[in-house]
Amino acid sequence: MPDSAPAPARYAHLFSSLDLGPLRLKSRVMMPPHFSAIGNLWGSEADAARTLAYLEERAAAGVAWVTITGRVGNHFIPGFEPSGLSAETLGFFRLPQFAERSRLVTERLAAHETHVLIQMTMIGGYPNAPSEVLSNPVANAHPHVMTPRDIDAIVEEYRHSARMVAETPLAGVEMHFNHDDLVEQFLSPLTNTRTDDYGGSFENRLRFARRLLAAVREELPGRVVGIRLNAFEEMPGGYDAEEGIRIAAALSETGVDYVSVVVGSHWGSPSYIQPQQYDPGQWSACAGAIRQAVTVPVVYTGLVDHPDLAEGILARGDADVVGMARAQVADGQLLARAREGKTDLIRPCIAANDCINRRYVDGLPFGCAVNPMAAKELEGPIPKAVLPRELLVVGGGPAGMELAALAAESGHRVRLWEAASELGGQLRIATRAPRYERLARFLDWQTARLERLGVEVTLNRRAEADDLLAPEVVAIATGAAGRRPPVPGAEAALEARDILNGTVTPGRRVLVVAEEDHMQPLALADHLATRGHEVVLVYGTNTPAILLGRYSIGGPLARLDEMGVEIRAMEKVTTIGPDWVETMQIYSKRRTRLDGFDSIALACGGRSDSALYDALSERRGDVHLLGDAFAPRRMVFATRQAYALARILAA
Ligand SMILES: Cc1cc2nc3c(=O)[nH]c(=O)nc-3n(C[C@H](O)[C@H](O)[C@H](O)COP(=O)(O)O)c2cc1C
Ligand code: SF4
């Protein structure tokens, strides 16, 4: 369908209705669970209010149903302290506020004809598991192997949880049989090595899931009961796509109302929150194959990042409904914009996973890299400035662009000066690395937004302090220069940005000094390896990319391994020669010389460029510093700082 086609024709499938069990869906888009990072619906009143506002905006935009997270209580010996991913003792269904909050979310979303289901989740291995074998080699959890009595107790806990749901107006439940859930571990021939009635044959491996489904169905007559399944397991010995189809077909015959298909684990490649290294909607054909084998509606979720892609998946018959999580974090109005034919306004998700990594790696509150207003729906859009003023933003990287746009939205007259010939700063450079197309799309979107808002952008304009005395307000977002570590020889090494920009070309065998904890060294290695270079990455840290998090690291590391990139850790580079480096083992202090390289490259992060701010703040007031110019960090920090400053400038 051409880009110019009117919305109803272009999205004929997306906005059609569907019967799902007893429910009538208003569209073919649902929101799968991801709100646990945004706020806790079961937590404080404030937390619940924030989550509800987040959900409501997306419901009003057109989401047919949302599935909220619901962890089932576990069973341990007295005093056992569970730890690990989603380790849970009590569970959500036994919380005193469960009924009240369930009623609240159901009623609030019903106002938008959006239904609410709750997931029944129990991550396996912490410590309960069918057998001693776990699929996850990145953490050495040693489980408690469940006895038949343990199994009975868990079935009863699911039954009790379903009974709790029956006392609420929730539309039903989704059984979480995916993402290394305890139930997936029973389904899998890799992690289920039991020799009793719950292990061995295909039927035996399904027995636990069948018992749970029967118990839940009994307690919830007339409500929706769906299942979420991993289409195939990535680890050798796990079930493959063919067996995934058999599992879906067998379980769907037990009276379930839909099958939701996902791919990935909580640690691997792909992870279930697939980062940018994967293709949009990469496994929708797996859902299509399952759809052929079942008689109930099928949902597909996984990097469905645009209404066009969603429409294609539906039109091809790969799914009856698509799940879109991060795409709707990045833009809560995604569906409304699609319906109105304004898809060019959709703020694109870059799939770098800060929405989950900030919370689980940095220990920070939720934040989206491209949408600083996500999870701030209660605060509303950026307010109109009490006193509209003239703002000059110096630096057109992620911080400067976002500030310029937000300030213009709040009514200031905004100019933006950028020293380079293109907007984007370091993001623009990063787009030269493989699998960074999404960043380029985001920059295009941000550039178009500035244009729409009438921000006067001047490229190739390097500011001097004298130029910056006249504007009423000045914001300095001059970013960071490439950092050279303070070791002998670093000044002669090649710098990542010059390599990515193509201004220098390394020789065939390249050693990369990695002193940045996120994507920079990995992206540089990918760029070089893709071009046929032999690459060795040398980290001083215990492992590579410690800020990347379990959901993001598998994708890039799988790519690098496939291209033969060598990664060394715990080796701090102490001296750099023309074709060698000396390293020191960080704990034993043992020295090693690594030689035989054609080039030494630095991927050592940034060094703040705040010179302009320092010079200016002596000479005038109302000058502000933001982004990497203050301290080099990730894009999500830059856009959030821009948002915070824009609110101050509006007050
Ligand atoms: C912050 C966050 C929390 C999530 N929590 C859950 C969860 O509790 N249960 C679940 O089945 N999936 C969970 N997911 C996975 C999503 O439901 C979805 O399958 C995944 O994000 C891929 O879809 P997307 O590409 O549309 O984001 C979570 C995802 C995110 C980003
Ligand atoms: S934080 Fe990143 S991955 Fe998550 S929704 Fe925002 S742009 Fe997408």
# chains A, B, ... in the order shown; residues from 1 in each chain; ligands from 1

call {"tool": "select_by_dssp", "arguments": {"residues": "range 148-307 of chain A", "states": "helix (DSSP H, G or I)", "output": "PyMOL selection string"}}
result
chain A and resi 148-166+182-187+202-219+241-252+284-293+307

call {"tool": "residues_near_ligand", "arguments": {"ligand": "ligand 1", "cutoff": "7 Å", "atoms": "only C-alpha atoms and all ligand atoms", "output": "PyMOL selection string"}}
result
chain A and resi 32-37+69+176+178-179+262+272-274+301-305+323-327+353+355-356

call {"tool": "write_last_selection", "arguments": {"atoms": "N, CA and C atoms", "output": "tab-separated table (two decimals), in the first residue's frame"}}
result
chain	number	residue	atom	x	y	z
A	32	PRO	N	1.64	-6.06	25.30
A	32	PRO	CA	2.07	-7.13	26.19
A	32	PRO	C	2.73	-6.53	27.45
A	33	PRO	N	2.95	-7.35	28.47
A	33	PRO	CA	3.47	-6.80	29.73
A	33	PRO	C	4.83	-6.12	29.53
A	34	HIS	N	4.97	-4.96	30.06
A	34	HIS	CA	6.27	-4.29	30.15
A	34	HIS	C	6.18	-3.16	31.16
A	35	PHE	N	5.06	-3.07	31.84
A	35	PHE	CA	4.83	-1.91	32.71
A	35	PHE	C	5.53	-2.07	34.04
A	36	SER	N	6.05	-3.28	34.31
A	36	SER	CA	6.72	-3.47	35.60
A	36	SER	C	7.87	-2.48	35.73
A	37	ALA	N	8.47	-2.10	34.59
A	37	ALA	CA	9.57	-1.14	34.66
A	37	ALA	C	9.05	0.29	34.76
A	69	THR	N	1.33	-7.52	34.24
A	69	THR	CA	2.17	-8.54	34.86
A	69	THR	C	1.52	-9.05	36.14
A	176	HIS	N	1.86	-17.59	31.36
A	176	HIS	CA	3.23	-17.29	30.92
A	176	HIS	C	3.99	-18.60	30.86
A	178	ASN	N	6.54	-18.96	28.75
A	178	ASN	CA	7.65	-18.53	27.91
A	178	ASN	C	8.77	-17.97	28.78
A	179	HIS	N	9.82	-17.44	28.15
A	179	HIS	CA	10.86	-16.67	28.85
A	179	HIS	C	11.47	-17.41	30.05
A	262	VAL	N	6.12	-15.69	21.11
A	262	VAL	CA	7.31	-14.85	21.26
A	262	VAL	C	8.53	-15.71	21.01
A	272	TYR	N	14.33	-12.03	24.77
A	272	TYR	CA	12.92	-11.81	24.43
A	272	TYR	C	12.60	-10.32	24.28
A	273	ILE	N	13.54	-9.47	24.67
A	273	ILE	CA	13.37	-8.04	24.36
A	273	ILE	C	14.49	-7.73	23.36
A	274	GLN	N	14.23	-8.10	22.12
A	274	GLN	CA	15.32	-8.14	21.14
A	274	GLN	C	15.89	-6.75	20.88
A	301	THR	N	4.46	-11.13	18.88
A	301	THR	CA	5.16	-9.98	19.47
A	301	THR	C	6.66	-10.14	19.26
A	302	GLY	N	7.35	-9.05	19.03
A	302	GLY	CA	8.81	-9.08	18.92
A	302	GLY	C	9.27	-8.11	17.86
A	303	LEU	N	9.69	-6.92	18.32
A	303	LEU	CA	10.20	-5.87	17.43
A	303	LEU	C	9.21	-5.49	16.32
A	304	VAL	N	7.93	-5.52	16.63
A	304	VAL	CA	6.96	-4.96	15.68
A	304	VAL	C	6.95	-3.46	15.98
A	305	ASP	N	7.63	-2.72	15.13
A	305	ASP	CA	7.98	-1.35	15.51
A	305	ASP	C	7.25	-0.28	14.71
A	323	GLY	N	1.38	-7.83	19.11
A	323	GLY	CA	1.73	-7.18	20.36
A	323	GLY	C	2.79	-6.13	20.07
A	324	MET	N	2.63	-4.95	20.64
A	324	MET	CA	3.63	-3.90	20.47
A	324	MET	C	3.91	-3.30	21.84
A	325	ALA	N	5.11	-3.52	22.34
A	325	ALA	CA	5.46	-2.97	23.65
A	325	ALA	C	6.32	-1.72	23.47
A	326	ARG	N	7.60	-1.91	23.12
A	326	ARG	CA	8.50	-0.75	23.10
A	326	ARG	C	8.09	0.32	22.09
A	327	ALA	N	7.51	-0.12	20.97
A	327	ALA	CA	7.10	0.89	19.99
A	327	ALA	C	6.11	1.87	20.61
A	353	ASN	N	17.02	-0.70	24.41
A	353	ASN	CA	16.59	-1.33	25.67
A	353	ASN	C	16.90	-0.58	26.95
A	355	CYS	N	14.81	1.11	28.40
A	355	CYS	CA	13.58	0.99	29.21
A	355	CYS	C	13.71	-0.13	30.23
A	356	ILE	N	14.45	-1.17	29.87
A	356	ILE	CA	14.62	-2.24	30.87
A	356	ILE	C	15.99	-2.14	31.54

call {"tool": "select_by_dssp", "arguments": {"residues": "range 107-186 of chain A", "states": "strand (DSSP E)", "output": "list in words"}}
result
His115, Val116, Leu117, Ile118, Gln119, Met120, Asn128, Ala129, His144, Val145, Gly172, Val173, Glu174, Met175, His176 and Phe177 of chain A

call {"tool": "write_last_selection", "arguments": {"atoms": "N, CA and C atoms", "output": "compact mmCIF listing (two decimals), in the first residue's frame"}}
result
# COMPACT_ATOMS: atom_id res chain seq x y z
N HIS A 115 -9.59 -3.98 26.92
CA HIS A 115 -9.72 -5.04 27.93
C HIS A 115 -8.40 -5.24 28.67
N VAL A 116 -8.51 -5.81 29.86
CA VAL A 116 -7.31 -6.06 30.66
C VAL A 116 -7.24 -7.53 31.05
N LEU A 117 -6.14 -8.16 30.68
CA LEU A 117 -5.85 -9.52 31.15
C LEU A 117 -4.67 -9.43 32.11
N ILE A 118 -4.51 -10.46 32.90
CA ILE A 118 -3.34 -10.48 33.79
C ILE A 118 -2.54 -11.75 33.51
N GLN A 119 -1.21 -11.56 33.52
CA GLN A 119 -0.35 -12.71 33.25
C GLN A 119 -0.16 -13.53 34.52
N MET A 120 0.01 -14.82 34.36
CA MET A 120 0.37 -15.69 35.49
C MET A 120 1.78 -16.19 35.23
N ASN A 128 12.80 -23.23 42.28
CA ASN A 128 12.04 -24.40 41.81
C ASN A 128 12.25 -24.68 40.32
N ALA A 129 12.48 -25.92 40.00
CA ALA A 129 12.70 -26.31 38.60
C ALA A 129 12.34 -27.78 38.44
N HIS A 144 16.18 -26.11 43.13
CA HIS A 144 15.53 -27.17 43.91
C HIS A 144 14.69 -27.98 42.93
N VAL A 145 14.95 -29.26 42.83
CA VAL A 145 14.19 -30.11 41.91
C VAL A 145 12.84 -30.43 42.57
N GLY A 172 -9.53 -11.78 32.04
CA GLY A 172 -9.02 -13.15 32.05
C GLY A 172 -7.54 -13.17 32.33
N VAL A 173 -6.92 -14.29 31.99
CA VAL A 173 -5.50 -14.47 32.31
C VAL A 173 -4.72 -14.93 31.09
N GLU A 174 -3.43 -14.62 31.13
CA GLU A 174 -2.50 -15.17 30.13
C GLU A 174 -1.50 -16.01 30.89
N MET A 175 -1.40 -17.26 30.49
CA MET A 175 -0.47 -18.18 31.15
C MET A 175 0.92 -17.98 30.54
N HIS A 176 1.86 -17.59 31.36
CA HIS A 176 3.23 -17.29 30.92
C HIS A 176 3.99 -18.60 30.86
N PHE A 177 4.06 -19.17 29.66
CA PHE A 177 4.77 -20.44 29.48
C PHE A 177 6.08 -20.20 28.71

call {"tool": "residues_near_ligand", "arguments": {"ligand": "ligand 2", "cutoff": "10 Å", "atoms": "only C-alpha atoms and all ligand atoms", "output": "PDB file with N, CA and C atoms, in the first residue's frame"}}
result
ATOM      1  N   HIS A  34       4.971  -4.962  30.057  1.00  0.00           N
ATOM      2  CA  HIS A  34       6.267  -4.287  30.147  1.00  0.00           C
ATOM      3  C   HIS A  34       6.184  -3.163  31.162  1.00  0.00           C
ATOM      4  N   ILE A 273      13.537  -9.470  24.669  1.00  0.00           N
ATOM      5  CA  ILE A 273      13.374  -8.037  24.360  1.00  0.00           C
ATOM      6  C   ILE A 273      14.494  -7.727  23.360  1.00  0.00           C
ATOM      7  N   GLN A 274      14.235  -8.102  22.120  1.00  0.00           N
ATOM      8  CA  GLN A 274      15.319  -8.137  21.143  1.00  0.00           C
ATOM      9  C   GLN A 274      15.888  -6.749  20.877  1.00  0.00           C
ATOM     10  N   PRO A 275      17.192  -6.607  21.001  1.00  0.00           N
ATOM     11  CA  PRO A 275      17.806  -5.313  20.701  1.00  0.00           C
ATOM     12  C   PRO A 275      17.995  -5.093  19.202  1.00  0.00           C
ATOM     13  N   GLN A 276      18.675  -4.026  18.868  1.00  0.00           N
ATOM     14  CA  GLN A 276      18.739  -3.532  17.493  1.00  0.00           C
ATOM     15  C   GLN A 276      19.421  -4.486  16.509  1.00  0.00           C
ATOM     16  N   LEU A 303       9.689  -6.916  18.324  1.00  0.00           N
ATOM     17  CA  LEU A 303      10.201  -5.868  17.427  1.00  0.00           C
ATOM     18  C   LEU A 303       9.211  -5.494  16.321  1.00  0.00           C
ATOM     19  N   ASP A 305       7.628  -2.722  15.135  1.00  0.00           N
ATOM     20  CA  ASP A 305       7.983  -1.355  15.513  1.00  0.00           C
ATOM     21  C   ASP A 305       7.253  -0.282  14.711  1.00  0.00           C
ATOM     22  N   ALA A 325       5.111  -3.519  22.343  1.00  0.00           N
ATOM     23  CA  ALA A 325       5.465  -2.969  23.653  1.00  0.00           C
ATOM     24  C   ALA A 325       6.320  -1.723  23.468  1.00  0.00           C
ATOM     25  N   ARG A 326       7.600  -1.906  23.122  1.00  0.00           N
ATOM     26  CA  ARG A 326       8.504  -0.749  23.103  1.00  0.00           C
ATOM     27  C   ARG A 326       8.091   0.315  22.089  1.00  0.00           C
ATOM     28  N   ALA A 327       7.514  -0.115  20.970  1.00  0.00           N
ATOM     29  CA  ALA A 327       7.099   0.893  19.985  1.00  0.00           C
ATOM     30  C   ALA A 327       6.108   1.868  20.613  1.00  0.00           C
ATOM     31  N   GLN A 328       5.312   1.339  21.569  1.00  0.00           N
ATOM     32  CA  GLN A 328       4.326   2.217  22.205  1.00  0.00           C
ATOM     33  C   GLN A 328       4.863   2.883  23.475  1.00  0.00           C
ATOM     34  N   VAL A 329       6.011   2.431  23.954  1.00  0.00           N
ATOM     35  CA  VAL A 329       6.712   3.221  24.976  1.00  0.00           C
ATOM     36  C   VAL A 329       7.236   4.474  24.285  1.00  0.00           C
ATOM     37  N   ALA A 330       7.873   4.239  23.133  1.00  0.00           N
ATOM     38  CA  ALA A 330       8.493   5.350  22.409  1.00  0.00           C
ATOM     39  C   ALA A 330       7.456   6.358  21.938  1.00  0.00           C
ATOM     40  N   ASP A 331       6.268   5.879  21.603  1.00  0.00           N
ATOM     41  CA  ASP A 331       5.210   6.803  21.184  1.00  0.00           C
ATOM     42  C   ASP A 331       3.854   6.272  21.623  1.00  0.00           C
ATOM     43  N   ARG A 347       7.198   8.619  16.723  1.00  0.00           N
ATOM     44  CA  ARG A 347       8.576   8.678  17.264  1.00  0.00           C
ATOM     45  C   ARG A 347       9.130   7.261  17.292  1.00  0.00           C
ATOM     46  N   PRO A 348      10.224   6.988  16.568  1.00  0.00           N
ATOM     47  CA  PRO A 348      10.668   5.591  16.457  1.00  0.00           C
ATOM     48  C   PRO A 348      11.466   5.111  17.666  1.00  0.00           C
ATOM     49  N   CYS A 349      11.210   3.869  18.027  1.00  0.00           N
ATOM     50  CA  CYS A 349      11.983   3.203  19.090  1.00  0.00           C
ATOM     51  C   CYS A 349      13.323   2.767  18.499  1.00  0.00           C
ATOM     52  N   ILE A 350      14.403   2.937  19.256  1.00  0.00           N
ATOM     53  CA  ILE A 350      15.712   2.552  18.715  1.00  0.00           C
ATOM     54  C   ILE A 350      16.150   1.154  19.182  1.00  0.00           C
ATOM     55  N   ALA A 351      15.315   0.510  19.991  1.00  0.00           N
ATOM     56  CA  ALA A 351      15.562  -0.885  20.430  1.00  0.00           C
ATOM     57  C   ALA A 351      16.886  -1.066  21.165  1.00  0.00           C
ATOM     58  N   ALA A 352      17.337  -0.025  21.851  1.00  0.00           N
ATOM     59  CA  ALA A 352      18.580  -0.162  22.623  1.00  0.00           C
ATOM     60  C   ALA A 352      18.296  -0.587  24.064  1.00  0.00           C
ATOM     61  N   ASN A 353      17.020  -0.696  24.407  1.00  0.00           N
ATOM     62  CA  ASN A 353      16.586  -1.332  25.669  1.00  0.00           C
ATOM     63  C   ASN A 353      16.901  -0.578  26.949  1.00  0.00           C
ATOM     64  N   ASP A 354      17.018   0.733  26.862  1.00  0.00           N
ATOM     65  CA  ASP A 354      17.191   1.460  28.116  1.00  0.00           C
ATOM     66  C   ASP A 354      15.975   1.324  29.019  1.00  0.00           C
ATOM     67  N   CYS A 355      14.806   1.108  28.404  1.00  0.00           N
ATOM     68  CA  CYS A 355      13.584   0.992  29.210  1.00  0.00           C
ATOM     69  C   CYS A 355      13.710  -0.125  30.234  1.00  0.00           C
ATOM     70  N   ILE A 356      14.446  -1.171  29.873  1.00  0.00           N
ATOM     71  CA  ILE A 356      14.619  -2.238  30.867  1.00  0.00           C
ATOM     72  C   ILE A 356      15.989  -2.143  31.538  1.00  0.00           C
ATOM     73  N   ASN A 357      17.009  -1.729  30.790  1.00  0.00           N
ATOM     74  CA  ASN A 357      18.356  -1.729  31.368  1.00  0.00           C
ATOM     75  C   ASN A 357      18.543  -0.681  32.462  1.00  0.00           C
ATOM     76  N   ARG A 358      17.925   0.470  32.285  1.00  0.00           N
ATOM     77  CA  ARG A 358      18.069   1.493  33.333  1.00  0.00           C
ATOM     78  C   ARG A 358      17.626   0.931  34.678  1.00  0.00           C
ATOM     79  N   PHE A 366      12.389   4.130  35.572  1.00  0.00           N
ATOM     80  CA  PHE A 366      12.128   3.940  34.152  1.00  0.00           C
ATOM     81  C   PHE A 366      12.498   5.185  33.338  1.00  0.00           C
ATOM     82  N   GLY A 367      12.979   4.979  32.142  1.00  0.00           N
ATOM     83  CA  GLY A 367      13.234   6.087  31.225  1.00  0.00           C
ATOM     84  C   GLY A 367      13.362   5.540  29.822  1.00  0.00           C
ATOM     85  N   CYS A 368      12.860   6.283  28.859  1.00  0.00           N
ATOM     86  CA  CYS A 368      12.969   5.877  27.459  1.00  0.00           C
ATOM     87  C   CYS A 368      13.956   6.817  26.765  1.00  0.00           C
ATOM     88  N   ALA A 369      14.831   6.243  25.936  1.00  0.00           N
ATOM     89  CA  ALA A 369      15.882   7.040  25.295  1.00  0.00           C
ATOM     90  C   ALA A 369      15.325   8.099  24.358  1.00  0.00           C
ATOM     91  N   VAL A 370      14.221   7.774  23.676  1.00  0.00           N
ATOM     92  CA  VAL A 370      13.718   8.722  22.680  1.00  0.00           C
ATOM     93  C   VAL A 370      12.520   9.529  23.181  1.00  0.00           C
ATOM     94  N   ASN A 371      11.879   9.028  24.222  1.00  0.00           N
ATOM     95  CA  ASN A 371      10.646   9.683  24.679  1.00  0.00           C
ATOM     96  C   ASN A 371      10.730  10.022  26.166  1.00  0.00           C
ATOM     97  N   PRO A 372      11.272  11.186  26.487  1.00  0.00           N
ATOM     98  CA  PRO A 372      11.416  11.508  27.908  1.00  0.00           C
ATOM     99  C   PRO A 372      10.083  11.713  28.611  1.00  0.00           C
ATOM    100  N   ALA A 374       7.581   9.488  28.357  1.00  0.00           N
ATOM    101  CA  ALA A 374       6.973   8.188  28.693  1.00  0.00           C
ATOM    102  C   ALA A 374       7.019   8.008  30.199  1.00  0.00           C
ATOM    103  N   ARG A 438      18.299   2.175  13.047  1.00  0.00           N
ATOM    104  CA  ARG A 438      17.216   2.753  13.859  1.00  0.00           C
ATOM    105  C   ARG A 438      17.602   4.122  14.404  1.00  0.00           C
ATOM    106  N   LEU A 439      18.882   4.268  14.716  1.00  0.00           N
ATOM    107  CA  LEU A 439      19.325   5.587  15.203  1.00  0.00           C
ATOM    108  C   LEU A 439      19.190   6.625  14.097  1.00  0.00           C
ATOM    109  N   PHE A 442      15.682   7.656  13.884  1.00  0.00           N
ATOM    110  CA  PHE A 442      15.323   8.571  14.967  1.00  0.00           C
ATOM    111  C   PHE A 442      15.846   9.981  14.667  1.00  0.00           C
ATOM    112  N   SER A 552      20.300  -7.165  26.364  1.00  0.00           N
ATOM    113  CA  SER A 552      20.906  -6.491  25.217  1.00  0.00           C
ATOM    114  C   SER A 552      22.231  -7.092  24.780  1.00  0.00           C
ATOM    115  N   MET A 635      22.508   8.147  25.590  1.00  0.00           N
ATOM    116  CA  MET A 635      21.505   9.050  25.021  1.00  0.00           C
ATOM    117  C   MET A 635      20.312   9.260  25.954  1.00  0.00           C
ATOM    118  N   VAL A 636      19.892   8.203  26.650  1.00  0.00           N
ATOM    119  CA  VAL A 636      18.711   8.325  27.503  1.00  0.00           C
ATOM    120  C   VAL A 636      18.913   9.421  28.566  1.00  0.00           C
TER     121      VAL A 636
END

call {"tool": "closest_residue", "arguments": {"among": "A:Gly396, A:Pro280, A:Pro471, A:Gly125", "to": "Thr447 in chain A", "atoms": "only C-alpha atoms"}}
result
A:Gly396

call {"tool": "atom_distance", "arguments": {"atom1": "CA of Gly596 in chain A", "atom2": "CA of Arg509 in chain A"}}
result
7.9 Å

call {"tool": "closest_atom_pairs", "arguments": {"of": "range 146-256 of chain A", "to": "range 96-110 of chain A", "cutoff": "10 Å", "atoms": "only C-alpha atoms", "output": "CSV"}}
result
residue,atom,partner,partner_atom,distance
A:Met164,CA,A:Ala99,CA,7.4
A:Val165,CA,A:Ala99,CA,7.7
A:Ala166,CA,A:Ala99,CA,9.6
A:Glu167,CA,A:Ala99,CA,7.1
A:Thr168,CA,A:Ala99,CA,5.7
A:Pro169,CA,A:Arg103,CA,5.9
A:Leu170,CA,A:Thr106,CA,6.0
A:Ala171,CA,A:Thr106,CA,8.1

call {"tool": "residues_around", "arguments": {"residues": "range 487-492 of chain A", "least_positions_apart": "5", "cutoff": "7 Å", "atoms": "only C-alpha atoms", "output": "list of chain:residue names"}}
result
A:Thr574, A:Thr575, A:Ile576, A:Gly577

call {"tool": "write_last_selection", "arguments": {"atoms": "N, CA and C atoms", "output": "short mmCIF file (atom, residue, chain, number, x, y, z; two decimals), in the first residue's frame"}}
result
data_model
loop_
_atom_site.label_atom_id
_atom_site.label_comp_id
_atom_site.auth_asym_id
_atom_site.auth_seq_id
_atom_site.Cartn_x
_atom_site.Cartn_y
_atom_site.Cartn_z
N THR A 574 48.18 -0.55 29.55
CA THR A 574 49.04 0.40 30.29
C THR A 574 49.99 1.17 29.37
N THR A 575 50.31 0.61 28.22
CA THR A 575 51.17 1.31 27.26
C THR A 575 50.72 0.92 25.85
N ILE A 576 50.76 1.91 24.97
CA ILE A 576 50.35 1.63 23.59
C ILE A 576 51.53 1.91 22.66
N GLY A 577 51.90 0.91 21.88
CA GLY A 577 52.94 1.10 20.89
C GLY A 577 52.33 1.21 19.51
#

call {"tool": "atom_distance", "arguments": {"atom1": "CA of Leu212 in chain A", "atom2": "CA of Asn74 in chain A"}}
result
14.0 Å

call {"tool": "closest_residue", "arguments": {"among": "A:Met31, A:Ala480, A:Val216, A:Ala529", "to": "Glu562 in chain A", "atoms": "only C-alpha atoms"}}
result
A:Ala529

call {"tool": "atom_distance", "arguments": {"atom1": "CA of Ala61 in chain A", "atom2": "CA of Thr114 in chain A"}}
result
10.1 Å

call {"tool": "residues_around", "arguments": {"residues": "Asp180 in chain A", "least_positions_apart": "2", "cutoff": "12 Å", "atoms": "only C-alpha atoms", "output": "PyMOL selection string"}}
result
chain A and resi 85-86+121-126+128-130+134-136+176-178+182-188+190-192+228-230+232-235+238+262-268+271-272

call {"tool": "residues_around", "arguments": {"residues": "His412 in chain A", "least_positions_apart": "3", "cutoff": "7 Å", "atoms": "only C-alpha atoms", "output": "list in words"}}
result
Ala385, Pro388, Arg389, Glu390, Leu391, Ala407 and Ala408 of chain A

call {"tool": "write_last_selection", "arguments": {"atoms": "N, CA and C atoms", "output": "compact mmCIF listing (two decimals), in the first residue's frame"}}
result
# COMPACT_ATOMS: atom_id res chain seq x y z
N ALA A 385 5.29 28.01 28.01
CA ALA A 385 6.17 28.84 28.83
C ALA A 385 5.40 30.03 29.40
N PRO A 388 7.56 33.36 27.24
CA PRO A 388 8.30 32.87 26.07
C PRO A 388 9.54 33.74 25.82
N ARG A 389 10.67 33.08 25.59
CA ARG A 389 11.92 33.82 25.41
C ARG A 389 12.69 33.33 24.19
N GLU A 390 13.80 33.99 23.97
CA GLU A 390 14.64 33.61 22.83
C GLU A 390 15.74 32.69 23.36
N LEU A 391 15.77 31.47 22.84
CA LEU A 391 16.73 30.47 23.32
C LEU A 391 17.68 30.09 22.19
N ALA A 407 11.62 23.01 23.91
CA ALA A 407 11.50 24.44 24.21
C ALA A 407 10.60 25.11 23.16
N ALA A 408 10.74 24.68 21.91
CA ALA A 408 9.87 25.25 20.87
C ALA A 408 8.43 24.84 21.13

call {"tool": "residues_around", "arguments": {"residues": "Ile476 in chain A", "least_positions_apart": "2", "cutoff": "12 Å", "atoms": "only C-alpha atoms", "output": "number ranges by chain"}}
result
A: 391-397, 399-401, 403-404, 416-418, 462-465, 468, 473-474, 478-480, 608-617, 622-630, 642, 645

call {"tool": "residues_around", "arguments": {"residues": "Gly482 in chain A", "least_positions_apart": "3", "cutoff": "8 Å", "atoms": "only C-alpha atoms", "output": "PDB file with N, CA and C atoms, in the first residue's frame"}}
result
ATOM      1  N   GLU A 495      41.233   6.807  16.759  1.00  0.00           N
ATOM      2  CA  GLU A 495      40.080   6.984  17.643  1.00  0.00           C
ATOM      3  C   GLU A 495      38.814   6.458  16.952  1.00  0.00           C
ATOM      4  N   ALA A 496      37.928   5.863  17.753  1.00  0.00           N
ATOM      5  CA  ALA A 496      36.733   5.192  17.215  1.00  0.00           C
ATOM      6  C   ALA A 496      35.953   6.084  16.255  1.00  0.00           C
ATOM      7  N   ARG A 497      35.759   7.337  16.648  1.00  0.00           N
ATOM      8  CA  ARG A 497      34.898   8.191  15.818  1.00  0.00           C
ATOM      9  C   ARG A 497      35.524   8.446  14.446  1.00  0.00           C
ATOM     10  N   CYS A 604      37.164   4.453  23.876  1.00  0.00           N
ATOM     11  CA  CYS A 604      37.341   4.791  25.294  1.00  0.00           C
ATOM     12  C   CYS A 604      36.354   5.847  25.755  1.00  0.00           C
ATOM     13  N   GLY A 605      35.198   5.922  25.080  1.00  0.00           N
ATOM     14  CA  GLY A 605      34.164   6.853  25.511  1.00  0.00           C
ATOM     15  C   GLY A 605      34.521   8.296  25.197  1.00  0.00           C
ATOM     16  N   GLY A 606      33.941   9.219  25.985  1.00  0.00           N
ATOM     17  CA  GLY A 606      34.107  10.638  25.668  1.00  0.00           C
ATOM     18  C   GLY A 606      34.706  11.436  26.806  1.00  0.00           C
ATOM     19  N   ARG A 607      35.137  12.634  26.460  1.00  0.00           N
ATOM     20  CA  ARG A 607      35.636  13.601  27.451  1.00  0.00           C
ATOM     21  C   ARG A 607      34.825  14.872  27.243  1.00  0.00           C
TER      22      ARG A 607
END

call {"tool": "closest_atom_pairs", "arguments": {"of": "range 12-72 of chain A", "to": "range 258-261 of chain A", "cutoff": "12 Å", "atoms": "only C-alpha atoms", "output": "tab-separated table"}}
result
residue	atom	partner	partner_atom	distance
A:Leu18	CA	A:Tyr258	CA	11.9
A:Asp19	CA	A:Tyr258	CA	10.6
A:Leu20	CA	A:Tyr258	CA	7.3
A:Gly21	CA	A:Tyr258	CA	8.1
A:Pro22	CA	A:Tyr258	CA	11.6
A:Leu23	CA	A:Tyr258	CA	11.5
A:Met30	CA	A:Ser260	CA	10.6
A:Met31	CA	A:Ser260	CA	11.7
A:Pro32	CA	A:Ser260	CA	9.6
A:Thr67	CA	A:Ser260	CA	11.2

call {"tool": "closest_atom_pairs", "arguments": {"of": "range 481-520 of chain A", "to": "range 531-540 of chain A", "cutoff": "9 Å", "atoms": "only C-alpha atoms", "output": "CSV"}}
result
residue,atom,partner,partner_atom,distance
A:Pro506,CA,A:His533,CA,8.5
A:Gly507,CA,A:His533,CA,7.6
A:Arg508,CA,A:His533,CA,4.9
A:Arg509,CA,A:Glu534,CA,4.6
A:Val510,CA,A:Val535,CA,5.0
A:Leu511,CA,A:Val536,CA,4.8
A:Val512,CA,A:Leu537,CA,4.8
A:Val513,CA,A:Val538,CA,5.3
A:Ala514,CA,A:Tyr539,CA,5.0
A:Glu515,CA,A:Tyr539,CA,6.6
A:Glu516,CA,A:Tyr539,CA,8.7
